[in-house]
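To be precise, the following lines are query09.txt, and they hold compact mmCIF, C-alpha atoms.
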```txt
# COMPACT_ATOMS: atom_id res chain seq x y z
CA MET A 1 -27.77 46.04 2.17
CA ASP A 2 -26.50 47.51 5.45
CA ALA A 3 -23.85 45.59 7.37
CA LYS A 4 -26.30 45.08 10.23
CA ASP A 5 -28.62 43.23 7.82
CA LYS A 6 -25.93 40.84 6.60
CA PRO A 7 -25.21 37.62 8.45
CA ASP A 8 -21.86 36.91 10.07
CA LEU A 9 -19.74 33.98 8.92
CA ILE A 10 -17.86 31.54 11.17
CA VAL A 11 -15.52 29.12 9.41
CA ILE A 12 -14.03 25.84 10.63
CA PRO A 13 -11.30 25.15 8.07
CA TYR A 14 -9.41 21.98 7.28
CA ARG A 15 -6.21 23.96 6.65
CA ASP A 16 -5.98 27.01 8.86
CA GLN A 17 -3.99 30.23 9.15
CA TYR A 18 -0.76 28.37 9.99
CA PHE A 19 -0.98 26.48 6.70
CA LEU A 20 -1.85 29.73 4.92
CA SER A 21 1.24 31.44 6.33
CA GLU A 22 3.47 28.57 5.20
CA TYR A 23 2.02 27.65 1.81
CA GLY A 24 -0.38 30.42 0.80
CA PRO A 25 -3.97 29.89 -0.43
CA ALA A 26 -3.11 26.61 -2.13
CA VAL A 27 -6.14 24.62 -0.96
CA ARG A 28 -9.90 24.80 -1.45
CA ASP A 29 -11.01 26.00 2.00
CA LEU A 30 -8.49 28.85 2.09
CA GLN A 31 -9.38 29.87 -1.46
CA PHE A 32 -13.05 29.90 -0.46
CA ILE A 33 -12.32 32.06 2.60
CA LYS A 34 -10.20 34.50 0.60
CA THR A 35 -12.81 34.72 -2.16
CA ILE A 36 -15.76 35.15 0.21
CA SER A 37 -13.87 37.97 1.96
CA GLU A 38 -13.87 39.83 -1.37
CA LEU A 39 -17.61 39.40 -1.88
CA ASP A 40 -20.30 41.39 -0.10
CA PHE A 41 -22.41 38.74 1.60
CA PHE A 42 -21.25 38.85 5.23
CA ASP A 43 -20.84 41.48 7.92
CA THR A 44 -17.95 39.78 9.74
CA ILE A 45 -15.86 36.71 8.91
CA THR A 46 -14.27 34.68 11.70
CA VAL A 47 -12.04 31.68 11.00
CA VAL A 48 -11.23 29.26 13.80
CA ASN A 49 -7.70 27.87 13.74
CA ARG A 50 -7.35 24.33 14.99
CA PRO A 51 -6.47 24.91 18.67
CA VAL A 52 -2.74 24.75 19.29
CA SER A 53 -1.66 22.28 21.96
CA VAL A 54 0.67 23.29 24.77
CA TYR A 55 3.19 20.86 23.28
CA GLU A 56 3.15 22.79 20.00
CA ARG A 57 3.43 26.14 21.78
CA VAL A 58 6.49 24.93 23.69
CA LEU A 59 8.00 23.76 20.39
CA GLY A 60 7.54 27.24 18.95
CA LYS A 61 4.18 27.20 17.14
CA LEU A 62 3.31 30.83 17.75
CA ASN A 63 0.92 33.01 15.81
CA SER A 64 2.62 35.40 13.47
CA ASN A 65 -0.09 37.08 11.40
CA LEU A 66 -3.76 36.90 12.37
CA SER A 67 -4.60 39.59 9.79
CA ILE A 68 -3.14 37.62 6.90
CA ILE A 69 -6.42 38.02 4.95
CA PRO A 70 -7.83 41.56 5.15
CA GLY A 71 -11.30 41.59 6.66
CA VAL A 72 -10.96 38.10 8.15
CA ASN A 73 -10.50 37.53 11.88
CA PHE A 74 -8.59 34.37 12.80
CA VAL A 75 -9.23 32.94 16.27
CA ASP A 76 -6.12 31.31 17.69
CA ALA A 77 -6.67 29.39 20.92
CA THR A 78 -4.29 27.36 23.04
CA SER A 79 -5.59 23.97 24.21
CA PHE A 80 -4.48 22.63 27.56
CA ASP A 81 -5.80 19.17 26.73
CA LEU A 82 -2.74 16.99 27.36
CA PHE A 83 -4.12 13.74 25.96
CA GLY A 84 -6.25 14.76 22.96
CA PRO A 85 -3.31 15.90 20.79
CA LEU A 86 -1.73 12.48 21.21
CA ARG A 87 -4.61 11.05 19.13
CA GLY A 88 -3.41 12.84 16.01
CA ARG A 89 -6.10 13.61 13.43
CA ALA A 90 -8.79 12.10 15.69
CA TRP A 91 -8.34 15.01 18.12
CA ALA A 92 -10.06 17.24 15.54
CA LYS A 93 -13.37 15.57 16.46
CA ILE A 94 -13.51 17.41 19.80
CA CYS A 95 -10.90 20.14 19.81
CA PHE A 96 -13.05 22.84 18.12
CA ALA A 97 -16.09 22.38 20.38
CA LYS A 98 -15.23 24.87 23.14
CA THR A 99 -14.28 27.70 20.77
CA ILE A 100 -17.31 27.19 18.54
CA LYS A 101 -19.66 27.12 21.54
CA THR A 102 -18.20 30.41 22.77
CA LEU A 103 -18.47 32.06 19.36
CA LEU A 104 -22.07 30.94 18.86
CA SER A 105 -23.21 31.87 22.37
CA LYS A 106 -23.52 35.55 21.46
CA TYR A 107 -26.16 34.65 18.86
CA ASN A 108 -28.29 32.78 21.41
CA LYS A 109 -30.46 35.78 22.29
CA SER A 110 -29.58 37.91 19.30
CA HIS A 111 -31.50 38.58 16.11
CA LYS A 112 -28.22 38.65 14.19
CA ALA A 113 -27.96 35.85 11.62
CA VAL A 114 -24.83 33.72 11.30
CA VAL A 115 -23.64 31.10 8.83
CA VAL A 116 -21.30 28.36 10.09
CA LEU A 117 -19.17 27.02 7.24
CA ASP A 118 -17.50 23.74 8.21
CA PHE A 119 -14.76 22.05 6.17
CA SER A 120 -13.51 19.64 8.83
CA PRO A 121 -13.85 15.90 8.10
CA PHE A 122 -13.82 15.18 11.84
CA ALA A 123 -15.11 18.07 13.99
CA ILE A 124 -18.30 17.61 16.03
CA PHE A 125 -19.40 20.69 17.94
CA PRO A 126 -22.44 22.01 19.86
CA LEU A 127 -25.15 23.39 17.60
CA LEU A 128 -27.15 26.42 18.57
CA LYS A 129 -30.94 26.06 18.67
CA SER A 130 -31.79 29.20 16.77
CA SER A 131 -33.52 30.07 13.51
CA ASN A 132 -30.78 32.66 12.98
CA VAL A 133 -28.05 30.04 12.42
CA LEU A 134 -27.41 28.29 9.12
CA TYR A 135 -25.03 25.32 8.97
CA TRP A 136 -23.17 24.82 5.68
CA TYR A 137 -20.81 21.89 5.22
CA ASP A 138 -18.31 21.57 2.36
CA LEU A 139 -16.48 18.45 1.19
CA ILE A 140 -12.98 19.38 0.02
CA ASP A 141 -12.63 15.72 -0.98
CA ASN A 142 -14.45 12.54 -0.08
CA PHE A 143 -12.39 11.85 3.03
CA THR A 144 -13.92 8.40 3.53
CA LYS A 145 -11.56 7.41 0.70
CA HIS A 146 -8.50 9.38 1.82
CA ASN A 147 -5.37 7.37 1.02
CA ARG A 148 -3.47 8.77 4.02
CA TYR A 149 -6.18 8.04 6.60
CA THR A 150 -6.27 4.90 8.71
CA PRO A 151 -9.42 2.70 8.79
CA SER A 152 -10.37 4.18 12.18
CA GLN A 153 -9.93 7.73 10.87
CA ARG A 154 -12.09 6.95 7.84
CA GLU A 155 -14.74 5.63 10.23
CA LEU A 156 -14.65 8.95 12.09
CA VAL A 157 -15.22 10.67 8.76
CA ARG A 158 -18.24 8.47 8.03
CA ASN A 159 -19.65 9.39 11.45
CA LYS A 160 -19.04 13.08 10.71
CA TYR A 161 -20.82 12.84 7.37
CA ALA A 162 -23.83 11.18 9.03
CA TRP A 163 -23.89 14.01 11.60
CA VAL A 164 -23.68 16.59 8.83
CA ASP A 165 -26.50 14.94 6.90
CA LYS A 166 -28.69 15.12 9.98
CA PHE A 167 -28.03 18.68 11.10
CA SER A 168 -26.73 20.80 8.21
CA ASN A 169 -28.91 23.12 6.16
CA ALA A 170 -26.75 22.81 3.05
CA VAL A 171 -23.91 20.61 1.83
CA THR A 172 -21.53 21.36 -1.03
CA GLY A 173 -18.81 19.20 -2.48
CA VAL A 174 -16.21 19.01 -5.22
CA THR A 175 -18.02 16.36 -7.28
CA SER A 176 -21.35 14.58 -7.45
CA GLU A 177 -19.51 11.36 -6.54
CA ALA A 178 -18.28 12.91 -3.29
CA LEU A 179 -21.87 13.84 -2.36
CA THR A 180 -23.49 10.49 -3.18
CA SER A 181 -24.14 9.45 0.43
CA PHE A 182 -25.84 12.73 1.46
CA LYS A 183 -29.62 13.11 1.52
CA THR A 184 -29.85 16.73 2.67
CA LYS A 185 -29.82 19.67 0.24
CA LYS A 186 -26.59 19.35 -1.71
CA THR A 187 -24.83 21.29 -4.44
CA VAL A 188 -21.81 20.36 -6.55
CA LEU A 189 -19.18 23.12 -6.40
CA PRO A 190 -16.07 21.99 -8.28
CA ASN A 191 -12.78 23.73 -7.64
CA GLY A 192 -11.96 26.46 -10.09
CA ILE A 193 -9.81 29.31 -11.27
CA PHE A 194 -8.48 31.25 -8.29
CA PHE A 195 -6.58 34.50 -8.71
CA ASN A 196 -4.53 35.56 -5.74
CA ASP A 197 -3.21 39.06 -5.03
CA ALA A 198 -0.36 40.10 -7.29
CA ASN A 199 2.84 39.43 -5.37
CA MET A 200 6.43 39.14 -6.41
CA ASN A 201 7.40 35.54 -7.02
CA LYS A 202 10.22 34.63 -4.68
CA LEU A 203 11.34 31.37 -6.28
CA ALA A 204 14.15 31.81 -8.79
CA ALA A 205 13.35 30.19 -12.12
CA HIS A 206 15.49 27.17 -12.95
CA PRO A 207 17.62 27.78 -16.05
CA ASN A 208 16.55 24.49 -17.63
CA THR A 209 13.15 23.66 -19.11
CA TYR A 210 11.66 20.32 -18.17
CA ASP A 211 9.38 18.34 -20.44
CA PHE A 212 6.81 17.56 -17.73
CA GLY A 213 5.96 19.08 -14.36
CA PHE A 214 3.75 18.38 -11.37
CA ILE A 215 2.65 20.82 -8.64
CA GLY A 216 1.11 19.69 -5.36
CA PHE A 217 1.62 17.49 -2.34
CA ILE A 218 3.17 14.16 -3.26
CA THR A 219 1.82 10.95 -1.71
CA ASP A 220 1.39 7.29 -2.61
CA LYS A 221 -1.56 8.41 -4.75
CA LEU A 222 0.96 9.41 -7.43
CA ASP A 223 1.30 6.95 -10.32
CA LEU A 224 5.01 6.26 -9.90
CA SER A 225 5.08 3.64 -12.66
CA PHE A 226 3.91 6.25 -15.16
CA ILE A 227 6.44 8.79 -13.89
CA LYS A 228 9.21 6.22 -14.24
CA LYS A 229 8.14 5.35 -17.77
CA LEU A 230 8.11 9.03 -18.73
CA SER A 231 11.56 9.55 -17.25
CA GLU A 232 13.08 7.02 -19.65
CA ASN A 233 12.78 9.56 -22.46
CA TYR A 234 11.79 12.87 -20.86
CA SER A 235 12.68 15.10 -17.94
CA VAL A 236 10.15 15.45 -15.14
CA ALA A 237 10.01 18.16 -12.45
CA LEU A 238 8.06 17.51 -9.24
CA TYR A 239 7.19 20.55 -7.13
CA GLY A 240 5.59 19.94 -3.75
CA LEU A 241 6.36 18.41 -0.39
CA CYS A 242 6.51 14.60 -0.46
CA LEU A 243 4.62 13.21 2.55
CA ASP A 244 5.80 9.60 2.15
CA LYS A 245 9.44 8.60 2.68
CA LYS A 246 9.13 5.47 0.53
CA VAL A 247 7.64 7.45 -2.32
CA LEU A 248 10.42 10.04 -2.06
CA ALA A 249 13.06 7.31 -2.11
CA SER A 250 11.50 5.89 -5.29
CA ILE A 251 11.41 9.32 -6.90
CA ARG A 252 15.04 10.05 -6.09
CA ALA A 253 16.08 6.74 -7.60
CA MET A 254 14.58 7.70 -10.97
CA ARG A 255 16.76 9.12 -13.71
CA ASN A 256 15.55 12.42 -15.20
CA VAL A 257 13.11 13.07 -12.32
CA HIS A 258 13.85 16.24 -10.34
CA TYR A 259 12.26 16.73 -6.92
CA PHE A 260 12.09 20.35 -5.66
CA GLY A 261 10.03 19.99 -2.49
CA LYS A 262 7.66 22.50 -0.89
CA PHE A 263 6.75 25.83 -2.42
CA GLN A 264 4.53 28.83 -1.73
CA TYR A 265 1.38 29.37 -3.77
CA ASN A 266 2.71 32.68 -5.07
CA ASP A 267 5.62 30.79 -6.65
CA ILE A 268 3.40 28.92 -9.12
CA GLY A 269 3.76 31.61 -11.78
CA VAL A 270 7.52 31.04 -11.87
CA ILE A 271 7.28 27.27 -11.43
CA ALA A 272 4.88 26.96 -14.37
CA ARG A 273 7.51 28.44 -16.67
CA THR A 274 10.01 25.69 -15.89
CA PHE A 275 8.14 22.86 -17.67
CA LYS A 276 6.12 22.38 -20.85
CA ILE A 277 3.36 19.92 -19.91
CA GLY A 278 1.46 19.65 -16.62
CA LEU A 279 0.93 16.29 -14.95
CA LEU A 280 -2.05 14.83 -13.08
CA PRO A 281 -0.90 11.21 -12.71
CA TYR A 282 -3.08 9.84 -9.91
CA LEU A 283 -3.95 6.22 -9.23
CA LYS A 284 -7.70 5.78 -9.75
CA GLU A 285 -7.99 3.33 -6.85
CA ARG A 286 -6.65 6.00 -4.46
CA SER A 287 -8.79 8.83 -5.78
CA HIS A 288 -10.88 10.91 -3.32
CA ASP A 289 -13.61 11.82 -5.84
CA GLU A 290 -11.63 15.03 -6.18
CA SER A 291 -11.62 18.11 -8.37
CA PRO A 292 -7.89 18.86 -8.72
CA LEU A 293 -6.89 22.48 -8.18
CA LYS A 294 -3.69 22.00 -10.19
CA LEU A 295 -5.74 21.33 -13.34
CA TYR A 296 -6.99 24.92 -13.19
CA GLU A 297 -3.48 26.21 -12.46
CA TYR A 298 -2.21 24.52 -15.62
CA PHE A 299 -4.94 26.22 -17.65
CA LYS A 300 -4.19 29.59 -16.05
CA HIS A 301 -0.55 29.28 -17.05
CA ASN A 302 -1.14 27.98 -20.58
CA LEU A 303 0.06 24.45 -19.96
CA PRO A 304 -1.47 21.39 -21.61
CA CYS A 305 -2.14 18.59 -19.16
CA VAL A 306 -1.62 14.83 -19.09
CA THR A 307 -3.97 13.06 -16.70
CA SER A 308 -4.90 9.56 -15.59
CA ILE A 309 -8.53 10.38 -14.74
CA ASP A 310 -11.26 12.34 -16.52
CA TYR A 311 -12.29 15.27 -14.34
CA GLU A 312 -14.98 17.93 -14.81
CA ILE A 313 -13.18 19.74 -17.67
CA GLN A 314 -13.19 18.23 -21.15
CA SER A 315 -10.71 19.95 -23.45
CA GLU A 316 -8.40 19.44 -26.42
CA PHE A 317 -5.61 20.55 -24.08
CA ILE A 318 -6.05 17.55 -21.77
CA PHE A 319 -4.79 14.06 -22.61
CA ASN A 320 -5.73 10.96 -20.59
CA TYR A 321 -2.96 8.38 -20.84
CA ASN A 322 -5.29 5.64 -19.60
CA HIS A 323 -7.49 6.12 -22.68
CA SER A 324 -4.80 6.35 -25.36
CA GLU A 325 -1.14 5.47 -25.71
CA MET A 326 1.30 8.21 -24.74
CA THR A 327 3.34 8.19 -27.96
CA SER A 328 6.30 10.42 -28.77
CA GLU A 329 4.14 12.09 -31.42
CA LYS A 330 1.52 12.95 -28.78
CA VAL A 331 4.20 14.37 -26.47
CA ARG A 332 5.54 16.55 -29.30
CA ALA A 333 2.03 17.76 -30.11
CA LEU A 334 1.36 18.69 -26.49
CA ALA A 335 4.76 20.38 -26.15
CA CYS A 336 3.93 22.52 -29.18
CA LEU A 337 0.81 23.74 -27.36
CA SER A 338 2.79 24.76 -24.27
CA GLY A 339 2.59 28.48 -23.64
CA ASN A 340 -0.20 28.95 -26.15
CA PHE A 341 -2.63 31.63 -24.96
CA LYS A 342 -5.47 29.63 -26.45
CA ILE A 343 -5.30 27.46 -23.32
CA SER A 344 -6.02 30.27 -20.84
CA GLU A 345 -8.42 31.87 -23.32
CA SER A 346 -10.49 28.67 -23.25
CA ILE A 347 -11.26 29.23 -19.56
CA GLU A 348 -14.99 29.72 -19.15
CA GLU A 349 -16.43 32.33 -16.79
CA SER A 350 -18.24 29.58 -14.86
CA TRP A 351 -14.89 27.99 -13.95
CA HIS A 352 -13.94 30.84 -11.62
CA VAL A 353 -14.18 30.21 -7.88
CA LYS A 354 -15.62 33.69 -7.37
CA VAL A 355 -18.39 33.11 -9.93
CA ARG A 356 -19.29 29.71 -8.45
CA LEU A 357 -19.36 30.99 -4.88
CA LYS A 358 -21.29 34.14 -5.71
CA SER A 359 -24.00 32.13 -7.44
CA PHE A 360 -24.20 29.61 -4.61
CA LEU A 361 -24.28 32.20 -1.82
CA LYS A 362 -27.08 34.14 -3.51
CA GLU A 363 -29.18 31.00 -3.46
CA LEU A 364 -28.10 29.95 0.03
CA LEU A 365 -28.95 33.25 1.69
CA VAL A 366 -32.25 34.01 -0.06
CA GLY A 367 -34.72 34.54 2.75
CA PHE A 368 -32.34 32.75 5.13
CA ASP A 369 -34.77 29.81 5.11
CA LEU A 370 -33.40 27.33 7.64
CA SER A 371 -36.35 24.91 7.60
CA SER A 372 -36.07 22.39 10.41
CA LYS A 373 -32.36 21.70 10.56
CA ALA A 374 -31.29 24.23 13.20
CA THR A 375 -31.70 22.07 16.29
CA SER A 376 -29.58 21.43 19.31
CA VAL A 377 -27.48 18.36 19.97
```

Structure translated into structure tokens:
Amino acid sequence: MDAKDKPDLIVIPYRDQYFLSEYGPAVRDLQFIKTISELDFFDTITVVNRPVSVYERVLGKLNSNLSIIPGVNFVDATSFDLFGPLRGRAWAKICFAKTIKTLLSKYNKSHKAVVVLDFSPFAIFPLLKSSNVLYWYDLIDNFTKHNRYTPSQRELVRNKYAWVDKFSNAVTGVTSEALTSFKTKKTVLPNGIFFNDANMNKLAAHPNTYDFGFIGFITDKLDLSFIKKLSENYSVALYGLCLDKKVLASIRAMRNVHYFGKFQYNDIGVIARTFKIGLLPYLKERSHDESPLKLYEYFKHNLPCVTSIDYEIQSEFIFNYNHSEMTSEKVRALACLSGNFKISESIEESWHVKVRLKSFLKELLVGFDLSSKATSV
């Protein structure tokens, strides 16, 4: 297919190029963008950074690398809205509108097709009345349940989901539970195995080996009581920025628990060699109907996993401590599996992000059938 026959892609991410520069492709939307850029479905790919407020520019938030993903164009706008940024997350409802309208305007009288991929749980933007535009929404999590959102922010998410259900051509999400409220065409796309470019790991390996390890952002969703119980007999390493001061204080008060803070995605290969058993200790009542990326990272790096919730993978290498007692014999058995190549060899082809996206995009773009959803608001 010639480039002129392929649609363009415009992406509204949840985590944008600034997050990518700081942490790497550690989250679903950025992994999707990177993976799609390596496939052959789109002519051009444009990703819209959340506009940067003048306050942030003054404080030094300047763009450093708009070509951070080859073949992807990041749009970095400055917003002169003085009051919107003061609303925090709620500003995301309106702050993308001007940029999206400008980007879509060139397709108004053009025969060129374009797909708008939206990850934002808040953004509402003008839709273009054109049969050449396809709107695809993806749920990274079910944000109506987000443990760090206020009731008013969760209400904004519910409003966004209703808007999506009315106007989108296709909706994807991490789990069937996350998609329950949607009536439009929907597809479950769990997270999966993501392979980044080979880069030198910059984090020096710790000389000690810990019994258990966790990778990811740390919030009050973490089952601290389980971590504390583990720490009575085992060492625990926690890698990832803690976003809650009270949680961090509790962690630092625990014996045998070692907090290392933020890391770059490319460091995971080194980090994974510092502990024997991966942890997924989330409180069920604070779950977002998620598909945890770290579960796939543990499999990639031959680490057995201890979890509190059953996710989409069922395996002999996963142990749910809410189903059975976490005995010393079980810990020894899991530790003996650590580093065993049978874990990564058990990865199925269908678990790969690239495989899942390629299959979905083939179906999405067949005939570019937009039915009746492409209407103007």

Margin query: Please determine, counting only C-alpha atoms, which residue among A:Phe341, A:Tyr210, A:Tyr55, A:Tyr282 has the shortest atom-to-atom distance to Phe317 in chain A.
Written below: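 Comparing A:Phe341, A:Tyr210, A:Tyr55, A:Tyr282 against Phe317 in chain A, the winner is A:Phe341.
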
Note to self: Just want the 10 Å neighbourhood of range 169-182 of chain A, counted on all atoms listed in the file, with same-chain residues fewer than 4 positions away dropped. Output as a ChimeraX atom specification.
What the structure shows: /A:28,115,117-119,133-145,158,161-162,164-165,186-192,288-292,311-312,360,364,369-374

Check: Within 9 Å of Lys330 in chain A, counting only C-alpha atoms, which residues qualify if same-chain residues fewer than 5 places away don't, as number ranges by chain?
Finding: A: 319, 325, 335

Can you write out the residues you just picked, keeping C-alpha atoms, as a PDB file, in the frame of the given file?
```
ATOM      1  CA  PHE A 319      -4.790  14.060 -22.610  1.00  0.00           C
ATOM      2  CA  GLU A 325      -1.140   5.470 -25.710  1.00  0.00           C
ATOM      3  CA  ALA A 335       4.760  20.380 -26.150  1.00  0.00           C
TER       4      ALA A 335
END
```

Note to self: (-22.6, 36.4, 17.9) in this file's frame - what residues fall within 12 Å of it? Use all atoms listed in the file and give the answer as a PyMOL selection string.
What the structure shows: chain A and resi 7-10+43-46+100-116+128+130+132-133

Checklist line | Best match for closeness to His301 in chain A among A:Phe195, A:Trp351, A:Tyr239, A:Tyr234, counting all atoms listed in the file | finding: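 Ranking A:Phe195, A:Trp351, A:Tyr239, A:Tyr234 by distance to His301 in chain A, first place goes to A:Phe195.
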
Next item on the list: Considering only C-alpha atoms, state which residue in the set A:Tyr18, A:Arg89, A:Val27, A:Asp5 is at the smallest distance from Asp40 in chain A.
Entry: A:Asp5

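Our summary of the geometry notes that CA of Ser235 in chain A is positioned 17.5 Å from CA of Ile218 in chain A.
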
Item checked: Given all atoms listed in the file as the counted atoms, nearest of A:Leu39, A:Asn159, A:Tyr259, A:Ile277 to Ser359 in chain A -> A:Leu39

Next item on the list: Would you mind reading off the distance between CA of Ser287 in chain A and CA of Gln314 in chain A, one decimal, in Å?
Entry: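 Straight-line distance from CA of Ser287 in chain A to CA of Gln314 in chain A works out to 18.5 Å.
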
Next item on the list: Can you pull out every residue within 9 Å of range 21-26 of chain A, counting all atoms listed in the file, but drop anything in the same chain fewer than 4 positions away, and send it as a list in words?
Entry: Asp16, Gln17, Leu30, Gln31, Lys34, Ser64, Asn65, Ile68, Asn196, Gly216, Lys262, Phe263, Gln264, Tyr265, Asn266 and Leu293 of chain A

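Residues in contact with range 302-305 of chain A at up to 6 Å, not including ones fewer than 4 positions away on its chain and judged by only C-alpha atoms, are Ile277, Gly278, Leu279, Tyr298, Phe317, Ile318, Ser338, Gly339, Asn340, Phe341, Ile343 and Ser344 of chain A.
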
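The spacing separating CA of Asp76 in chain A from CA of Asn49 in chain A amounts to 5.5 Å.
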
Next item on the list: Give me the residues within 7 Å of Thr219 in chain A as a list of chain:residue names, counting only C-alpha atoms and dropping any in the same chain fewer than 2 places off.
Entry: A:Phe217, A:Lys221, A:Leu222, A:Cys242, A:Leu243, A:Asp244, A:Val247

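Taking only C-alpha atoms into account, Tyr149 in chain A lies nearest to A:Arg286 out of the set A:Arg286, A:Lys228, A:Arg273, A:Lys166.
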
Checklist line | Pick from A:Thr35, A:Asn322, A:Asn256, A:Ser168, whichever lies nearest to Leu283 in chain A using all atoms listed in the file | finding: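 Smallest separation from Leu283 in chain A among the options: A:Asn322.
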
Dig up all the protein and nucleic acid residues within 10 Å of (14.0, 20.7, -21.5) in the file frame, using only C-alpha atoms, and format them as a PDB file with C-alpha atoms, in the coordinates of the input.
```
ATOM      1  CA  PRO A 207      17.620  27.780 -16.050  1.00  0.00           C
ATOM      2  CA  ASN A 208      16.550  24.490 -17.630  1.00  0.00           C
ATOM      3  CA  THR A 209      13.150  23.660 -19.110  1.00  0.00           C
ATOM      4  CA  TYR A 210      11.660  20.320 -18.170  1.00  0.00           C
ATOM      5  CA  ASP A 211       9.380  18.340 -20.440  1.00  0.00           C
ATOM      6  CA  PHE A 212       6.810  17.560 -17.730  1.00  0.00           C
ATOM      7  CA  TYR A 234      11.790  12.870 -20.860  1.00  0.00           C
ATOM      8  CA  SER A 235      12.680  15.100 -17.940  1.00  0.00           C
ATOM      9  CA  VAL A 236      10.150  15.450 -15.140  1.00  0.00           C
ATOM     10  CA  THR A 274      10.010  25.690 -15.890  1.00  0.00           C
ATOM     11  CA  PHE A 275       8.140  22.860 -17.670  1.00  0.00           C
ATOM     12  CA  LYS A 276       6.120  22.380 -20.850  1.00  0.00           C
TER      13      LYS A 276
END
```

Generate the coordinates of N, CA and C atoms for range 134-149 of chain A; report them as a PDB file, in the coordinates of the input.
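Once everything was written out, this is rebuild_6.pdb:
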```pdb
ATOM      1  N   LEU A 134     -27.387  29.187  10.273  1.00  0.00           N
ATOM      2  CA  LEU A 134     -27.410  28.290   9.120  1.00  0.00           C
ATOM      3  C   LEU A 134     -26.099  27.508   9.085  1.00  0.00           C
ATOM      4  N   TYR A 135     -26.204  26.190   8.987  1.00  0.00           N
ATOM      5  CA  TYR A 135     -25.030  25.320   8.970  1.00  0.00           C
ATOM      6  C   TYR A 135     -24.771  24.829   7.547  1.00  0.00           C
ATOM      7  N   TRP A 136     -23.579  25.176   7.039  1.00  0.00           N
ATOM      8  CA  TRP A 136     -23.170  24.820   5.680  1.00  0.00           C
ATOM      9  C   TRP A 136     -21.902  23.972   5.781  1.00  0.00           C
ATOM     10  N   TYR A 137     -21.975  22.768   5.209  1.00  0.00           N
ATOM     11  CA  TYR A 137     -20.810  21.890   5.220  1.00  0.00           C
ATOM     12  C   TYR A 137     -20.264  21.730   3.802  1.00  0.00           C
ATOM     13  N   ASP A 138     -18.934  21.744   3.666  1.00  0.00           N
ATOM     14  CA  ASP A 138     -18.310  21.570   2.360  1.00  0.00           C
ATOM     15  C   ASP A 138     -17.316  20.426   2.369  1.00  0.00           C
ATOM     16  N   LEU A 139     -17.420  19.558   1.351  1.00  0.00           N
ATOM     17  CA  LEU A 139     -16.480  18.450   1.190  1.00  0.00           C
ATOM     18  C   LEU A 139     -15.355  18.879   0.251  1.00  0.00           C
ATOM     19  N   ILE A 140     -14.177  19.078   0.802  1.00  0.00           N
ATOM     20  CA  ILE A 140     -12.980  19.380   0.020  1.00  0.00           C
ATOM     21  C   ILE A 140     -12.645  18.190  -0.876  1.00  0.00           C
ATOM     22  N   ASP A 141     -12.770  17.017  -0.316  1.00  0.00           N
ATOM     23  CA  ASP A 141     -12.630  15.720  -0.980  1.00  0.00           C
ATOM     24  C   ASP A 141     -13.615  14.783  -0.300  1.00  0.00           C
ATOM     25  N   ASN A 142     -13.723  13.572  -0.802  1.00  0.00           N
ATOM     26  CA  ASN A 142     -14.450  12.540  -0.080  1.00  0.00           C
ATOM     27  C   ASN A 142     -13.438  11.863   0.848  1.00  0.00           C
ATOM     28  N   PHE A 143     -13.418  12.312   2.100  1.00  0.00           N
ATOM     29  CA  PHE A 143     -12.390  11.850   3.030  1.00  0.00           C
ATOM     30  C   PHE A 143     -12.602  10.411   3.510  1.00  0.00           C
ATOM     31  N   THR A 144     -13.746   9.821   3.192  1.00  0.00           N
ATOM     32  CA  THR A 144     -13.920   8.400   3.530  1.00  0.00           C
ATOM     33  C   THR A 144     -13.026   7.531   2.652  1.00  0.00           C
ATOM     34  N   LYS A 145     -12.454   8.136   1.608  1.00  0.00           N
ATOM     35  CA  LYS A 145     -11.560   7.410   0.700  1.00  0.00           C
ATOM     36  C   LYS A 145     -10.109   7.893   0.803  1.00  0.00           C
ATOM     37  N   HIS A 146      -9.822   8.739   1.780  1.00  0.00           N
ATOM     38  CA  HIS A 146      -8.500   9.380   1.820  1.00  0.00           C
ATOM     39  C   HIS A 146      -7.388   8.337   1.961  1.00  0.00           C
ATOM     40  N   ASN A 147      -6.428   8.385   1.038  1.00  0.00           N
ATOM     41  CA  ASN A 147      -5.370   7.370   1.020  1.00  0.00           C
ATOM     42  C   ASN A 147      -4.407   7.476   2.191  1.00  0.00           C
ATOM     43  N   ARG A 148      -4.391   8.608   2.894  1.00  0.00           N
ATOM     44  CA  ARG A 148      -3.470   8.770   4.020  1.00  0.00           C
ATOM     45  C   ARG A 148      -4.166   8.616   5.375  1.00  0.00           C
ATOM     46  N   TYR A 149      -5.456   8.264   5.356  1.00  0.00           N
ATOM     47  CA  TYR A 149      -6.180   8.040   6.600  1.00  0.00           C
ATOM     48  C   TYR A 149      -6.185   6.556   6.947  1.00  0.00           C
TER      49      TYR A 149
END
```
